[in-house]
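Trainee: One file is attached below, query09.txt, containing compact mmCIF, C-alpha atoms and all ligand atoms.
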```txt
# COMPACT_ATOMS: atom_id res chain seq x y z
CA MET A 20 0.87 7.16 7.12
CA LEU A 21 3.73 9.67 7.39
CA ASN A 22 7.21 9.57 5.89
CA GLU A 23 10.33 9.94 8.04
CA ASP A 24 10.90 13.49 6.77
CA GLY A 25 7.43 14.54 7.99
CA THR A 26 5.82 14.54 4.55
CA ARG A 27 2.67 12.55 3.81
CA MET A 28 2.19 9.43 1.68
CA ASP A 29 1.26 11.60 -1.33
CA GLY A 30 4.32 13.83 -0.80
CA ARG A 31 2.45 16.80 0.66
CA ARG A 32 3.55 18.77 3.71
CA PRO A 33 1.09 18.65 6.66
CA ASP A 34 -0.20 22.14 5.77
CA GLU A 35 -0.48 21.58 2.01
CA LEU A 36 -3.71 21.36 0.02
CA ARG A 37 -4.29 18.96 -2.85
CA LYS A 38 -4.29 20.65 -6.27
CA ILE A 39 -7.56 22.53 -6.87
CA GLU A 40 -8.93 23.58 -10.26
CA ILE A 41 -12.26 25.37 -10.66
CA GLU A 42 -14.25 26.28 -13.76
CA ALA A 43 -17.50 28.23 -13.76
CA GLY A 44 -20.33 27.81 -16.28
CA VAL A 45 -19.85 24.17 -17.29
CA VAL A 46 -23.55 23.20 -17.58
CA PRO A 47 -24.98 25.42 -20.36
CA VAL A 48 -28.67 24.76 -19.56
CA ALA A 49 -28.30 25.68 -15.88
CA ASP A 50 -28.57 29.25 -14.57
CA GLY A 51 -25.20 28.78 -12.92
CA SER A 52 -22.73 25.94 -12.59
CA ALA A 53 -19.22 24.98 -11.59
CA ARG A 54 -16.76 22.13 -11.88
CA VAL A 55 -14.31 21.55 -9.06
CA GLN A 56 -11.40 19.17 -9.49
CA TRP A 57 -9.80 18.79 -6.06
CA GLY A 58 -7.03 16.22 -5.98
CA THR A 59 -8.78 13.22 -7.52
CA ASN A 60 -12.24 14.42 -6.42
CA LEU A 61 -14.45 15.76 -9.15
CA ALA A 62 -17.71 17.60 -8.44
CA ILE A 63 -20.18 19.40 -10.68
CA ALA A 64 -22.73 21.79 -9.18
CA ALA A 65 -25.68 23.25 -11.09
CA VAL A 66 -28.09 25.96 -9.94
CA TYR A 67 -31.62 26.58 -11.26
CA GLY A 68 -33.75 29.50 -10.19
CA PRO A 69 -35.00 31.46 -8.39
CA MET A 70 -38.32 29.91 -9.41
CA GLU A 71 -41.73 29.49 -7.81
CA ALA A 72 -41.47 27.19 -4.78
CA HIS A 73 -42.99 23.77 -5.45
CA PRO A 74 -44.37 21.78 -3.73
CA ARG A 75 -46.38 24.53 -2.01
CA LYS A 76 -45.67 23.15 1.47
CA ILE A 77 -41.98 24.12 1.21
CA SER A 78 -42.85 27.70 0.20
CA ARG A 79 -42.11 30.55 2.68
CA GLN A 80 -44.04 33.85 2.54
CA ASP A 81 -41.04 35.96 3.48
CA ARG A 82 -38.10 34.26 1.81
CA CYS A 83 -36.68 31.87 -0.71
CA VAL A 84 -35.83 28.26 0.16
CA LEU A 85 -32.76 26.39 -1.01
CA ASP A 86 -33.44 22.92 -2.33
CA VAL A 87 -30.01 21.27 -2.18
CA ARG A 88 -29.22 17.76 -3.35
CA TYR A 89 -25.85 16.06 -2.95
CA ASN A 90 -25.34 12.80 -4.82
CA MET A 91 -22.41 10.49 -5.44
CA ALA A 92 -22.52 8.94 -8.91
CA PRO A 93 -22.56 5.11 -8.86
CA PHE A 94 -19.18 5.12 -10.63
CA SER A 95 -17.57 7.72 -8.32
CA VAL A 96 -15.83 5.08 -6.17
CA THR A 97 -14.44 1.62 -6.93
CA ASP A 98 -17.26 -0.16 -5.04
CA ARG A 99 -20.29 0.82 -7.08
CA ILE A 100 -22.73 2.97 -5.12
CA ARG A 101 -26.41 2.10 -5.35
CA PRO A 102 -28.12 4.91 -7.31
CA GLY A 103 -30.46 7.16 -5.37
CA PHE A 104 -30.30 9.07 -2.13
CA ASN A 105 -29.33 7.51 1.18
CA ARG A 106 -29.01 8.74 4.75
CA ARG A 107 -25.51 10.10 4.20
CA SER A 108 -26.36 12.01 1.02
CA ARG A 109 -29.52 13.49 2.62
CA GLU A 110 -27.52 14.62 5.63
CA ILE A 111 -24.85 16.23 3.44
CA GLY A 112 -27.54 17.95 1.35
CA LYS A 113 -29.09 19.36 4.52
CA VAL A 114 -25.87 20.68 6.10
CA THR A 115 -24.85 22.13 2.73
CA ALA A 116 -28.21 23.94 2.47
CA ASN A 117 -27.82 25.29 6.02
CA ALA A 118 -24.35 26.63 5.21
CA LEU A 119 -25.50 28.27 1.96
CA GLU A 120 -28.57 29.79 3.63
CA SER A 121 -26.18 31.84 5.77
CA VAL A 122 -24.95 33.74 2.71
CA VAL A 123 -27.72 33.75 0.09
CA GLN A 124 -29.96 36.81 0.43
CA LEU A 125 -33.10 34.72 0.70
CA GLU A 126 -35.41 37.60 1.63
CA LEU A 127 -35.05 39.02 -1.90
CA TYR A 128 -37.11 36.14 -3.34
CA PRO A 129 -40.23 35.42 -1.22
CA ARG A 130 -42.25 32.27 -2.10
CA SER A 131 -39.41 31.10 -4.36
CA LYS A 132 -36.88 28.35 -4.39
CA ILE A 133 -33.41 27.89 -5.77
CA ARG A 134 -32.43 24.37 -6.76
CA VAL A 135 -28.82 23.40 -6.16
CA GLU A 136 -27.69 20.03 -7.50
CA ILE A 137 -24.30 18.65 -6.51
CA GLU A 138 -23.04 15.60 -8.32
CA ILE A 139 -19.86 13.88 -7.18
CA MET A 140 -18.31 12.19 -10.21
CA CYS A 141 -15.14 10.95 -8.52
CA ALA A 142 -14.78 10.63 -4.74
CA GLU A 143 -11.56 10.44 -2.78
CA ALA A 144 -12.38 12.01 0.62
CA GLY A 145 -13.62 15.49 1.41
CA THR A 146 -16.48 15.43 -1.10
CA ARG A 147 -18.86 17.35 1.19
CA CYS A 148 -16.29 20.19 1.18
CA VAL A 149 -15.73 19.94 -2.58
CA GLY A 150 -19.50 19.92 -3.19
CA LEU A 151 -20.18 22.93 -0.94
CA THR A 152 -17.36 24.89 -2.57
CA ALA A 153 -18.67 23.99 -6.05
CA ALA A 154 -22.21 25.04 -5.05
CA SER A 155 -20.95 28.45 -3.87
CA VAL A 156 -19.28 29.12 -7.22
CA ALA A 157 -22.37 27.89 -9.10
CA LEU A 158 -24.62 30.24 -7.09
CA ALA A 159 -22.30 33.16 -7.85
CA ASP A 160 -22.25 32.10 -11.50
CA ALA A 161 -26.07 32.20 -11.48
CA GLY A 162 -25.90 35.80 -10.22
CA ILE A 163 -27.65 34.99 -6.94
CA PRO A 164 -26.96 37.83 -4.45
CA MET A 165 -24.82 36.57 -1.58
CA THR A 166 -23.03 38.27 1.28
CA ASP A 167 -19.97 36.04 0.68
CA MET A 168 -19.07 32.68 -0.86
CA VAL A 169 -18.78 29.69 1.46
CA VAL A 170 -15.39 27.98 1.24
CA SER A 171 -15.22 24.48 2.64
CA VAL A 172 -12.17 22.46 3.61
CA ALA A 173 -11.28 19.75 6.15
CA SER A 174 -8.27 19.08 8.33
CA GLY A 175 -7.71 16.11 10.58
CA ARG A 176 -5.17 14.07 12.47
CA VAL A 177 -3.10 11.23 11.11
CA ASN A 178 -0.68 9.27 13.31
CA GLY A 179 -0.96 12.00 15.94
CA VAL A 180 -0.09 14.78 13.48
CA VAL A 181 -2.61 17.42 12.34
CA VAL A 182 -2.78 17.63 8.55
CA LEU A 183 -4.71 19.77 6.08
CA ASP A 184 -7.09 18.34 3.47
CA LEU A 185 -7.12 14.58 4.14
CA ASN A 186 -6.82 12.21 1.20
CA LYS A 187 -8.65 8.87 1.03
CA GLU A 188 -6.13 6.83 3.04
CA GLU A 189 -5.77 9.57 5.65
CA ASP A 190 -9.56 9.83 5.91
CA ASN A 191 -9.97 6.04 6.24
CA TYR A 192 -7.13 5.33 8.65
CA GLY A 193 -6.62 8.70 10.37
CA ASP A 194 -7.77 9.56 13.91
CA ALA A 195 -10.09 12.49 13.22
CA ASP A 196 -11.56 14.73 10.54
CA LEU A 197 -12.82 18.32 10.90
CA PRO A 198 -14.67 19.67 7.83
CA MET A 199 -15.62 23.35 8.07
CA GLY A 200 -17.50 25.93 5.98
CA ILE A 201 -15.90 29.37 6.23
CA LEU A 202 -16.77 32.86 5.02
CA PRO A 203 -13.35 34.01 3.86
CA ASN A 204 -13.98 37.75 4.14
CA SER A 205 -15.16 37.73 7.77
CA GLY A 206 -13.67 34.43 9.00
CA GLU A 207 -17.19 33.41 10.16
CA LEU A 208 -18.06 29.75 10.42
CA VAL A 209 -21.25 28.41 8.78
CA PHE A 210 -20.61 24.68 8.90
CA LEU A 211 -18.60 22.35 11.13
CA GLN A 212 -18.62 18.61 11.66
CA MET A 213 -16.20 16.44 13.56
CA ASP A 214 -15.52 12.77 13.08
CA GLY A 215 -13.25 11.28 15.78
CA ASP A 216 -11.69 13.11 18.72
CA LEU A 217 -9.24 16.01 18.76
CA SER A 218 -7.55 17.52 21.83
CA PRO A 219 -8.19 21.28 22.27
CA GLU A 220 -4.67 21.96 20.90
CA ASP A 221 -5.14 19.72 17.86
CA PHE A 222 -8.59 21.20 17.28
CA GLN A 223 -7.06 24.69 17.27
CA GLU A 224 -4.34 23.62 14.83
CA ALA A 225 -6.88 21.98 12.48
CA TRP A 226 -9.07 25.10 12.75
CA ASP A 227 -6.11 27.36 11.89
CA TYR A 228 -5.17 25.16 8.90
CA ASN A 229 -8.76 25.36 7.60
CA MET A 230 -8.96 29.13 8.09
CA GLY A 231 -5.65 29.68 6.27
CA ALA A 232 -6.59 27.34 3.42
CA ALA A 233 -9.99 29.03 3.00
CA LYS A 234 -8.26 32.20 1.82
CA GLU A 235 -6.18 30.24 -0.70
CA ILE A 236 -9.24 28.36 -2.03
CA HIS A 237 -11.29 31.57 -2.17
CA GLU A 238 -8.72 33.06 -4.57
CA ILE A 239 -9.16 30.07 -6.90
CA MET A 240 -12.97 30.47 -6.73
CA VAL A 241 -12.76 34.17 -7.55
CA ALA A 242 -10.29 33.48 -10.37
CA ALA A 243 -12.75 30.97 -11.90
CA LEU A 244 -15.49 33.63 -11.94
CA ALA A 245 -13.07 36.26 -13.26
CA ALA A 246 -12.05 33.90 -16.08
CA ARG A 247 -15.72 33.69 -17.12
CA TYR A 248 -16.83 37.25 -16.54
CA GLY A 249 -13.60 39.26 -16.75
CA GLY A 250 -12.23 41.74 -14.23
CA ASP A 251 -11.79 40.64 -10.63
CA ALA A 252 -15.36 39.22 -10.47
N1 LIG B 301 -17.22 6.67 0.29
C1 LIG B 301 -17.54 5.50 -0.38
N2 LIG B 301 -18.85 5.07 -0.38
C2 LIG B 301 -19.84 5.74 0.25
C3 LIG B 301 -19.51 6.92 0.94
C4 LIG B 301 -18.20 7.36 0.94
O1 LIG B 301 -16.67 4.87 -0.98
O2 LIG B 301 -21.00 5.32 0.23
C5 LIG B 301 -15.83 7.14 0.26
C6 LIG B 301 -15.65 8.33 -0.69
O3 LIG B 301 -14.38 8.23 -1.32
C7 LIG B 301 -15.69 9.51 0.24
C8 LIG B 301 -14.95 8.93 1.44
O4 LIG B 301 -15.42 7.59 1.54
O5 LIG B 301 -15.06 10.66 -0.31
C9 LIG B 301 -15.19 9.66 2.74
O6 LIG B 301 -16.56 9.72 2.99
P1 LIG B 301 -17.17 10.66 4.11
O7 LIG B 301 -18.52 10.11 4.46
O8 LIG B 301 -16.19 10.89 5.20
O9 LIG B 301 -17.44 12.04 3.33
P2 LIG B 301 -16.45 13.02 2.56
O10 LIG B 301 -15.09 12.93 3.21
O11 LIG B 301 -16.43 12.58 1.13
O12 LIG B 301 -17.06 14.37 2.73
```
I need this file expressed as structure tokens, please.
Mentor:
Amino acid sequence: MLNEDGTRMDGRRPDELRKIEIEAGVVPVADGSARVQWGTNLAIAAVYGPMEAHPRKISRQDRCVLDVRYNMAPFSVTDRIRPGFNRRSREIGKVTANALESVVQLELYPRSKIRVEIEIMCAEAGTRCVGLTAASVALADAGIPMTDMVVSVASGRVNGVVVLDLNKEEDNYGDADLPMGILPNSGELVFLQMDGDLSPEDFQEAWDYNMGAAKEIHEIMVAALAARYGGDA
């Protein structure tokens, strides 16, 4: 999985991200939207609302609720995915909602909901991070007040070496994966999952890679909003 000179199969250094491109406002009928091309991953996020919370049972007297759906398109991977939600997509929708609830100023919209739809069009590892990042830009594009944007990125370990932003092969055959959701301005953590085992030292290294990368990704997110709205967004 690693070349003799320490580079990875795709030529990246251990601390190098895949190429990331972000565009805001790609779904004209939505209140806010974003496209994130991250390596060969492609995600579109669309935001609708705030609107009255339906069904009534999800409504909260004192705040807004986030209704987040994550879905992988049937054609997003080579083995066709059965359309519709499954356990994995429901779990990812839930952890994404929890992360976003940490930043959206929900108390401004009592008895309301904001719908966040994340569609993965092409999937090559790290799609929960790509989707959460896309949703953050889409919420900002919709003008929803937030204390910060959530930036999400994963690091992991491959052949005993900690690497940033695993690709598909590294994700499949690596030893561990640590996706995180980070608030770039404060360094706070709003989402963390771990697949596999990492020693305390490797965990720290993966953590540091994610924290460093979050700043880099945040700049691309802000630039996407600035390109749409002008100024420094
Ligand atoms: N994947 C797949 N079919 C599935 C789920 C996942 O082919 O039903 C692939 C897809 O490329 C995904 C990768 O496996 O990006 C890793 O999936 P994981 O559950 O680790 O989530 P992710 O890394 O995408 O957040």
Trainee: Would you mind reading off the distance between CA of Pro219 in chain A and CA of Ala116 in chain A, one decimal, in Å?
Mentor: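 A separation of 28.3 Å between them.
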Trainee: What is the distance, in Å and to one decimal place, between CA of Gln56 in chain A and CA of Val209 in chain A?
Mentor: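 One can read the CA of Gln56 in chain A to CA of Val209 in chain A distance as 22.7 Å.
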Trainee: Tell me which residues come within 8 Å of (-12.0, 28.3, 11.7), as a list in words, counting all atoms listed in the file in the file's coordinates.
Mentor: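 Result, sorted by chain then residue number: Met199, Ile201, Gly206, Glu207, Leu208, Trp226, Asp227, Asn229 and Met230 of chain A.
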Trainee: Could you please extract the residues within 8 Å of ligand LIG 301 (chain B), counting only C-alpha atoms and all ligand atoms, and hand them back as a list in words?
Mentor: Asn60, Met91, Ser95, Val96, Thr97, Asp98, Ile100, Arg107, Cys141, Ala142, Glu143, Ala144, Gly145, Thr146, Arg147, Cys148, Val149, Lys187, Asp190, Asn191 and Pro198 of chain A
Trainee: Report, in Å to a single decimal, how far apart CA of Gly58 in chain A and CA of Arg31 in chain A are.
Mentor: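 Going from CA of Arg31 in chain A over to CA of Gly58 in chain A covers 11.6 Å.
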Trainee: What's the 10 Å shell around Gly112 in chain A, counting only C-alpha atoms, without same-chain residues fewer than 6 positions away, as a list of chain:residue names?
Mentor: A:Asp86, A:Val87, A:Arg88, A:Tyr89, A:Asn90, A:Phe104, A:Arg106, A:Val135, A:Glu136, A:Ile137, A:Arg147, A:Gly150, A:Leu151
Trainee: Restricting the calculation to all atoms listed in the file: of A:Ile63, A:Gly200, A:Gly103, A:Lys132, which residue gets closest to Leu119 in chain A?
Mentor: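 Closest to Leu119 in chain A of all the choices is A:Gly200.
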Trainee: So which residues touch Ile77 in chain A within 9 Å, counting only C-alpha atoms, skipping near sequence neighbours fewer than 4 positions away, as a ChimeraX atom specification?
Mentor: /A:72-73,84,130,132
Trainee: Neighbouring residues of Pro164 in chain A were defined as those with any atom within 9 Å, considering all atoms listed in the file; residues of the same chain fewer than 4 positions away were excluded. Please report them as an mmCIF file with C-alpha atoms, in the coordinates of the input.
Mentor:
```
data_model
loop_
_atom_site.group_PDB
_atom_site.id
_atom_site.type_symbol
_atom_site.label_atom_id
_atom_site.label_comp_id
_atom_site.auth_asym_id
_atom_site.auth_seq_id
_atom_site.Cartn_x
_atom_site.Cartn_y
_atom_site.Cartn_z
ATOM 1 C CA VAL A 122 -24.950 33.740 2.710
ATOM 2 C CA VAL A 123 -27.720 33.750 0.090
ATOM 3 C CA GLN A 124 -29.960 36.810 0.430
ATOM 4 C CA LEU A 125 -33.100 34.720 0.700
ATOM 5 C CA LEU A 127 -35.050 39.020 -1.900
ATOM 6 C CA LEU A 158 -24.620 30.240 -7.090
ATOM 7 C CA ALA A 159 -22.300 33.160 -7.850
#
```
Trainee: Of the candidates A:Ala118, A:Met213, A:Leu185, A:Ala157, which shows the shortest atom-to-atom distance to Val169 in chain A, using all atoms listed in the file?
Mentor: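 Going through A:Ala118, A:Met213, A:Leu185, A:Ala157 one by one, the smallest distance to Val169 in chain A is for A:Ala118.
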Trainee: Pick out the closest residue to Asp81 in chain A from this set: A:Gln212, A:Ile163, A:Ala246, A:Glu126. Count all atoms listed in the file.
Mentor: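 Closest to Asp81 in chain A, using all atoms listed in the file: A:Glu126.
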Trainee: Name the closest residue to Val181 in chain A among the candidates A:Asp29, A:Glu42, A:Asp194, A:Asp167; distances are taken between atoms, counting all atoms listed in the file.
Mentor: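 For Val181 in chain A, the nearest of the candidates is A:Asp194.
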